[in-house]
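Structure first, then comments.
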Amino acid sequence: MKTCLPRLHRLTMGRLLLSLSLAFAFLSSSATAQIWVTNSISGTVGKYDANTGAAINASFITGLSSPAGIALRGSELFVSNENIGTIGKYDALTGGVIDATFITGLSLHGAIAVSGSTLYVIKGGGLTIGTYDANTGAAIDATFVTNVATAFGVAVSGSDLFVGRSTAHKVGKYDAITGATISASFITESTGLGGVVTDGINLWVSNGNADRIGKYNAITGATIDTDFITDVNHPIGLALLGSDLLVSNIDL
């Protein structure tokens, strides 16, 4: 059996950055832009230079249990541990533990996202999005959005919440304040959709089954280009760094 090796590409530059992980976040406000990358196999979060791809510390955070989702707020990193159903909080600058069991008792699945004081968490095998206080870890609404079967990716922009639903082949759009459904089928394709990222105007969506990334209008859901990027193998996680799109993909 061939081992699947996740990769991270900086696609606007057209070059390989590093051979790790399934989810990432970035900080561009520091002197050197940085990326934090989860590695579910080694149970670590690595820290890398976002401009060169060079490792700053490949074992920046260790001792995690199948880390998957990662989200950045200021100098705080939130990391989900799928195997044990927890979300930990860490110092993004030092890697120090703020609270390894910041949120517990979850059935996790896929990505997490943070906006202001709200943390959005995909739970229950991708059936539910729960909201939690990013300052205290307390549940705001454990069933903020329901009936989002196979939810995998999540992104927030202003009052809009986008949820990529992998085997349902859809991206849903919801009110990030109330959880109300704006459109459960905001974007629909014939094959699986997963990771999502937005700048508020455009929405990029990874399609792992078709080995491509599509670009859509984040306001209307209209297709801009379903084959916006095609030179990727099973793309999963997405993030924006200025005008660069960072993509983690599995080399199958």
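Letters A, B, ... go to the chains of the structure tokens in the order shown; residues in each chain start at 1; ligands are counted from 1 in the same order.
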
Among stretch 24-251 of chain A, which ones does DSSP place in strand (DSSP E), written as a VMD selection string? chain A and resid 24 to 27 34 to 39 44 to 49 55 to 61 67 to 73 76 to 81 86 to 91 97 to 103 108 to 115 118 to 123 128 to 133 139 to 145 151 to 157 160 to 165 170 to 175 181 to 188 196 to 198 202 to 207 212 to 217 223 to 229 235 to 241 244 to 251

Using only C-alpha atoms, which residues sit within 10 Å of A:Trp204 once same-chain residues fewer than 2 positions away are excluded, as a PyMOL selection string? chain A and resi 195-199+202+206-207+213-218+224-226+228-229+238-240+245

What is the atom CA of A:Ser42-atom CA of A:Leu119 distance in Å, reported with one decimal?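 Atom-to-atom, atom CA of A:Ser42 to atom CA of A:Leu119, that is 25.0 Å.
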
With only C-alpha atoms as the counted atoms, please give the residues lying no more than 8 Å from A:Thr101, apart from itself and same-chain residues fewer than 2 positions off, as a compact mmCIF listing (two decimals) with C-alpha atoms, in the first residue's frame.
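The file below, selection-v2.txt, is the result:
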```
# COMPACT_ATOMS: atom_id res chain seq x y z
CA THR A 86 -10.75 18.32 22.78
CA ILE A 87 -9.68 21.74 21.59
CA GLY A 88 -6.53 23.18 23.09
CA LYS A 89 -5.35 26.78 23.21
CA ASP A 99 -5.00 25.43 28.10
CA ILE A 103 -12.89 22.64 25.35
CA THR A 104 -13.62 18.96 26.09
```

Quick one: pull the distance between atom CA of A:Val114 and atom CA of A:Gly43, Å, one decimal.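 Atom-to-atom, atom CA of A:Val114 and atom CA of A:Gly43 are spaced 21.7 Å apart.
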
Best match for closeness to A:Ala55 among A:Ile219, A:Ile187, A:Ile35, A:Val232, counting only C-alpha atoms: A:Ile35

What separation in Å, quoted to one decimal, exists between atom CA of A:Ala68 and atom CA of A:Ala54?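 Value for the atom CA of A:Ala68-atom CA of A:Ala54 distance: 21.5 Å.
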
So that I can see what lies close to A:Thr150, please list as number ranges by chain the residues with an atom at most 12 Å from it, counting only C-alpha atoms and leaving out residues fewer than 2 positions away in the same chain. A: 108-111, 122-129, 146-148, 152-154, 163-172, 192-195

Keeping C-alpha atoms for every residue in the selection just given, could you write it to a file as a PDB file, in the first residue's frame?
```pdb
ATOM      1  CA  LEU A 108     -14.910  16.285  16.358  1.00  0.00           C
ATOM      2  CA  HIS A 109     -14.794  16.171  12.596  1.00  0.00           C
ATOM      3  CA  GLY A 110     -12.928  18.441  10.198  1.00  0.00           C
ATOM      4  CA  ALA A 111     -12.036  22.095  10.544  1.00  0.00           C
ATOM      5  CA  ILE A 122     -17.615  20.932  13.227  1.00  0.00           C
ATOM      6  CA  LYS A 123     -18.862  18.078  15.411  1.00  0.00           C
ATOM      7  CA  GLY A 124     -20.688  14.759  15.444  1.00  0.00           C
ATOM      8  CA  GLY A 125     -19.216  13.246  12.309  1.00  0.00           C
ATOM      9  CA  GLY A 126     -19.873  16.450  10.415  1.00  0.00           C
ATOM     10  CA  LEU A 127     -23.556  16.743  11.308  1.00  0.00           C
ATOM     11  CA  THR A 128     -23.425  19.868  13.487  1.00  0.00           C
ATOM     12  CA  ILE A 129     -21.627  23.193  13.862  1.00  0.00           C
ATOM     13  CA  THR A 146     -27.615  21.291  12.355  1.00  0.00           C
ATOM     14  CA  ASN A 147     -28.335  18.894   9.500  1.00  0.00           C
ATOM     15  CA  VAL A 148     -25.072  19.735   7.715  1.00  0.00           C
ATOM     16  CA  PHE A 152     -15.648  19.162   6.622  1.00  0.00           C
ATOM     17  CA  GLY A 153     -14.476  22.730   5.989  1.00  0.00           C
ATOM     18  CA  VAL A 154     -15.646  25.948   7.600  1.00  0.00           C
ATOM     19  CA  VAL A 163     -19.544  25.102   5.355  1.00  0.00           C
ATOM     20  CA  GLY A 164     -18.016  22.643   2.892  1.00  0.00           C
ATOM     21  CA  ARG A 165     -19.908  19.333   2.846  1.00  0.00           C
ATOM     22  CA  SER A 166     -17.675  16.686   1.316  1.00  0.00           C
ATOM     23  CA  THR A 167     -19.881  13.734   0.349  1.00  0.00           C
ATOM     24  CA  ALA A 168     -22.950  15.940  -0.097  1.00  0.00           C
ATOM     25  CA  HIS A 169     -20.999  17.834  -2.802  1.00  0.00           C
ATOM     26  CA  LYS A 170     -22.220  21.186  -1.487  1.00  0.00           C
ATOM     27  CA  VAL A 171     -21.128  24.356   0.252  1.00  0.00           C
ATOM     28  CA  GLY A 172     -23.782  25.778   2.544  1.00  0.00           C
ATOM     29  CA  GLY A 192     -16.972  16.049  -3.215  1.00  0.00           C
ATOM     30  CA  LEU A 193     -16.309  19.533  -1.848  1.00  0.00           C
ATOM     31  CA  GLY A 194     -14.386  20.124   1.366  1.00  0.00           C
ATOM     32  CA  GLY A 195     -12.025  22.931   2.353  1.00  0.00           C
TER      33      GLY A 195
END
```

Contacts of stretch 47-50 of chain A at 8 Å or less, counting only C-alpha atoms, minus same-chain residues fewer than 5 places along, as a VMD selection string? chain A and resid 26 32 to 37 55 to 60

How would the residues just chosen look if you wrote them out with C-alpha atoms as a compact mmCIF listing (two decimals), in the first residue's frame?
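For reference, result-v2.txt as written:
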```
# COMPACT_ATOMS: atom_id res chain seq x y z
CA PHE A 26 -1.15 32.01 9.19
CA THR A 32 8.05 37.33 9.17
CA ALA A 33 4.78 35.84 7.96
CA GLN A 34 4.30 32.41 9.50
CA ILE A 35 2.23 29.29 8.93
CA TRP A 36 1.20 26.77 11.58
CA VAL A 37 0.51 23.29 10.23
CA ALA A 55 10.84 25.22 8.90
CA ILE A 56 11.02 27.52 11.91
CA ASN A 57 10.16 24.64 14.24
CA ALA A 58 8.67 21.43 12.81
CA SER A 59 7.71 20.34 16.35
CA PHE A 60 6.44 23.70 17.59
```
